[in-house]
Structure formats: C-alpha cells, structure tokens
Amino acid sequence: MDWTFLQETFVSLISAVPLTLLLAVNAIAFGAVLAVGIAVARFSVFAPLRWLAQAYVFVFRGTPLLVQLFIIYYGLSQFPAIRHSPLWPILREPYWCAVLALALNTAAYASEIVRGGLLSVPFGQIEAARACGMSRFMIFRRITLPLGVRQALPGYGNEMISMVKATSLASIITLMEVTGVAARIISESYRAIEVFVVAGAIYLTINFLLTRLVQLVEFRLSPHLRQPVAVLPAIIEGEAH
C-alpha cells in the first residue's frame, strides 16, 4: 500500500461525495413521497387504481435498476414527443435521469415497507379513534400514518442504505460521483485495490452515519425505549424533608 497515493485518492474521492449525497437525498425524498402514495393506492377501494399500484411495484421490483437507468437515460430520448416536451430540458440531463431512475426504483420497494407498516397498526387503536368520532382521513393522519411510519422505519432505513450504494450506478451515465471518480483514477493509475478500498471506506462512513441517524429518529419516535423521568422519588424525598 502506497500511503501517499491513498491520501491523494481520498482527497479526490471526497470531492465527489456531495454529488453522491445529493443523488441519494433527492432520490430518497422523491421516492418516499411516491411510496406513500403507492402504499395508500394499494388500499384503495377503486380497483383500477389498486391494480395500477400493484403493476408498478411488480415491474420496478422485478427488473434491475441498471436496466431502468438505461431505459430512462437512453430510451426516452428515442421518442420525438418527449424530445419536444417541456420535460426534455430535465430528461436530457444525466443527473435528473439518475434521480428519476433511483426514485422510481426505491418507491417500489419502499411502498411495500410502508404498506407493511400500515398493516401492522393495531386495529383496536383504529376502533378507538372511530369511537371518538374521527373521520377516516383524520384517523389516517393522526393514528395510522404515524404508527405505520414508526413500524416501517427500520426496514426503510435499510432501503435508504441501499439507495446510497445504488448511486454508484450513476457513473454508468457519465456522472462523476464517488464510483465515477474512482473509475477514472483506476484508468489513469491501474491501481484498483487502493482506489476501491478508499471508495469502500467512504461509502461505509456515509452508511454508518445514516444508520445512526435512523436509530436516533427511531428512538425519538419510541417513547417506550426512553427511561422515564424519576419524578416520584424526588417528590417523596421532598416530602420527607
């Protein structure tokens, strides 16, 4: 191992971390909104909407992300209607094609995680909300969705980690994120081991911080995990004096 080369490689790869994080954050944010909509559609009484959501999940979970990325980046430009549409200034950019592919892919997986979380909400709490006179929308907003998100959070944390790692595929469509810069350095130096060790360490650090952030949110949403404040002994001690 050449430690000087490792240090230079680290500096070069660190400069690509903002693009990697930007890809991951945008894909996760857009995918989360879409995932909630798909999960809710799976419970719809309107059968065509339910079938459409099921077909979406089936297609995007059953095909590789790399194929989806190629279809969006190379395939959409084959249609004149898209090239002349208002969306073309966005869809011709590799960055937005990568974000779109990642978001559509993670939405399919995350919708199943969210759906499982919503199904895990105890029916007794929903019945209690109905007994209090809450409407269906209010029950969903105040009872079902918060509890479902809490139940789905551990699984969704894994999906977010997968998205961070999936950003490496963006290098295939010329984006110079961490993996893209690593591939360029390898083509110039022919030293794959050192470069990929540094790249792997960077991804590991990002995902380590992400897991801690998810654990913090999970802790904040779980009052039963926090120690109760010892108020009673203090009151008894004060009365004794």
# chains A, B, ... in the order shown; residues from 1 in each chain; ligands from 1

$ closest_atom_pairs --of "region 90-139 of chain A" --to "region 146-152 of chain A" --cutoff "9 Å" --atoms "only C-alpha atoms" --output "CSV"
residue,atom,partner,partner_atom,distance
A:Ala110,CA,A:Ala152,CA,9.0
A:Ile113,CA,A:Ala152,CA,5.8
A:Val114,CA,A:Ala152,CA,5.6
A:Arg115,CA,A:Gly148,CA,8.0
A:Gly116,CA,A:Ala152,CA,7.0
A:Gly117,CA,A:Gly148,CA,4.2
A:Leu118,CA,A:Gly148,CA,4.3
A:Leu119,CA,A:Gly148,CA,7.4
A:Ser120,CA,A:Gly148,CA,6.8
A:Val121,CA,A:Gly148,CA,6.1

$ write_last_selection --atoms "N, CA and C atoms" --output "short mmCIF file (atom, residue, chain, number, x, y, z; two decimals), in the first residue's frame"
data_model
loop_
_atom_site.label_atom_id
_atom_site.label_comp_id
_atom_site.auth_asym_id
_atom_site.auth_seq_id
_atom_site.Cartn_x
_atom_site.Cartn_y
_atom_site.Cartn_z
N ALA A 110 -39.98 0.77 -1.21
CA ALA A 110 -40.42 1.47 0.00
C ALA A 110 -41.93 1.40 0.17
N ILE A 113 -42.70 -1.56 2.10
CA ILE A 113 -42.31 -1.37 3.50
C ILE A 113 -43.35 -0.53 4.23
N VAL A 114 -43.78 0.55 3.58
CA VAL A 114 -44.81 1.42 4.17
C VAL A 114 -46.12 0.67 4.32
N ARG A 115 -46.48 -0.11 3.32
CA ARG A 115 -47.73 -0.87 3.38
C ARG A 115 -47.69 -1.86 4.54
N GLY A 116 -46.55 -2.52 4.73
CA GLY A 116 -46.42 -3.42 5.86
C GLY A 116 -46.54 -2.70 7.19
N GLY A 117 -45.97 -1.49 7.25
CA GLY A 117 -46.09 -0.71 8.47
C GLY A 117 -47.52 -0.30 8.75
N LEU A 118 -48.26 0.08 7.70
CA LEU A 118 -49.65 0.46 7.89
C LEU A 118 -50.51 -0.72 8.32
N LEU A 119 -50.22 -1.90 7.77
CA LEU A 119 -50.97 -3.09 8.14
C LEU A 119 -50.69 -3.53 9.57
N SER A 120 -49.54 -3.12 10.12
CA SER A 120 -49.17 -3.54 11.47
C SER A 120 -49.80 -2.68 12.56
N VAL A 121 -50.50 -1.62 12.19
CA VAL A 121 -51.16 -0.76 13.18
C VAL A 121 -52.28 -1.55 13.85
#

$ residues_around --residues "Phe60 (chain A)" --least-positions-apart "3" --cutoff "12 Å" --atoms "only C-alpha atoms" --output "list in words"
Ala53, Gln54, Ala55, Tyr56, Val57, Thr63, Pro64, Leu65, Leu66, Val67, Gln68, Leu69, Ala101, Leu102, Ala103, Leu104, Asn105, Thr106, Ala107, Ala108, Tyr109, Ala110, Ser111 and Glu112 of chain A

$ residues_around --residues "region 207-221 of chain A" --least-positions-apart "4" --cutoff "10 Å" --atoms "only C-alpha atoms" --output "short mmCIF file (atom, residue, chain, number, x, y, z; two decimals) with N, CA and C atoms, in the first residue's frame"
data_model
loop_
_atom_site.label_atom_id
_atom_site.label_comp_id
_atom_site.auth_asym_id
_atom_site.auth_seq_id
_atom_site.Cartn_x
_atom_site.Cartn_y
_atom_site.Cartn_z
N PRO A 146 -48.77 7.87 11.47
CA PRO A 146 -47.64 7.97 12.42
C PRO A 146 -47.18 6.61 12.95
N LEU A 147 -48.14 5.74 13.32
CA LEU A 147 -47.76 4.42 13.83
C LEU A 147 -47.16 3.55 12.73
N VAL A 149 -45.49 4.60 10.07
CA VAL A 149 -44.13 5.09 9.79
C VAL A 149 -43.16 4.57 10.84
N ARG A 150 -43.58 4.58 12.10
CA ARG A 150 -42.72 4.08 13.17
C ARG A 150 -42.39 2.60 12.96
N GLN A 151 -43.39 1.82 12.57
CA GLN A 151 -43.15 0.40 12.35
C GLN A 151 -42.30 0.15 11.11
N ALA A 152 -42.44 1.01 10.09
CA ALA A 152 -41.72 0.80 8.84
C ALA A 152 -40.31 1.37 8.86
N LEU A 153 -39.99 2.17 9.88
CA LEU A 153 -38.71 2.89 9.88
C LEU A 153 -37.49 1.98 9.81
N PRO A 154 -37.40 0.89 10.59
CA PRO A 154 -36.20 0.03 10.47
C PRO A 154 -36.00 -0.53 9.07
N TYR A 156 -37.24 0.73 6.29
CA TYR A 156 -36.97 1.82 5.37
C TYR A 156 -35.54 2.32 5.52
N GLY A 157 -34.97 2.20 6.73
CA GLY A 157 -33.56 2.55 6.90
C GLY A 157 -32.67 1.69 6.03
N ASN A 158 -32.98 0.40 5.92
CA ASN A 158 -32.22 -0.48 5.03
C ASN A 158 -32.35 -0.05 3.58
N MET A 160 -32.86 3.00 2.50
CA MET A 160 -32.06 4.22 2.30
C MET A 160 -30.58 3.87 2.13
N ILE A 161 -30.10 2.91 2.91
CA ILE A 161 -28.71 2.48 2.75
C ILE A 161 -28.50 1.89 1.35
N SER A 162 -29.46 1.11 0.89
CA SER A 162 -29.35 0.54 -0.46
C SER A 162 -29.32 1.63 -1.52
N VAL A 164 -28.09 4.70 -1.14
CA VAL A 164 -26.76 5.32 -1.12
C VAL A 164 -25.79 4.49 -1.94
N LYS A 165 -25.84 3.18 -1.77
CA LYS A 165 -24.94 2.31 -2.55
C LYS A 165 -25.34 2.26 -4.02
N ALA A 201 -14.40 2.62 1.92
CA ALA A 201 -14.37 3.26 3.24
C ALA A 201 -15.27 4.50 3.28
N ILE A 202 -15.33 5.24 2.19
CA ILE A 202 -16.19 6.42 2.14
C ILE A 202 -17.66 6.02 2.19
N TYR A 203 -18.05 5.01 1.39
CA TYR A 203 -19.43 4.53 1.44
C TYR A 203 -19.77 3.98 2.82
N LEU A 225 -38.87 3.29 24.62
CA LEU A 225 -37.44 2.99 24.67
C LEU A 225 -36.67 3.94 25.58
N ARG A 226 -37.30 5.04 25.94
CA ARG A 226 -36.62 6.03 26.77
C ARG A 226 -36.91 5.78 28.24
#

$ closest_residue --among "A:Ala98, A:Leu145, A:Val45, A:Ala39" --to "Thr174 (chain A)" --atoms "only C-alpha atoms"
A:Ala98

$ residues_around --residues "Ile193 (chain A)" --least-positions-apart "6" --cutoff "12 Å" --atoms "only C-alpha atoms" --output "PyMOL selection string"
chain A and resi 1-2+5-6+9+182-183+185-186+199-200

$ atom_distance --atom1 "CA of Ile126 (chain A)" --atom2 "CA of Thr144 (chain A)"
7.4 Å
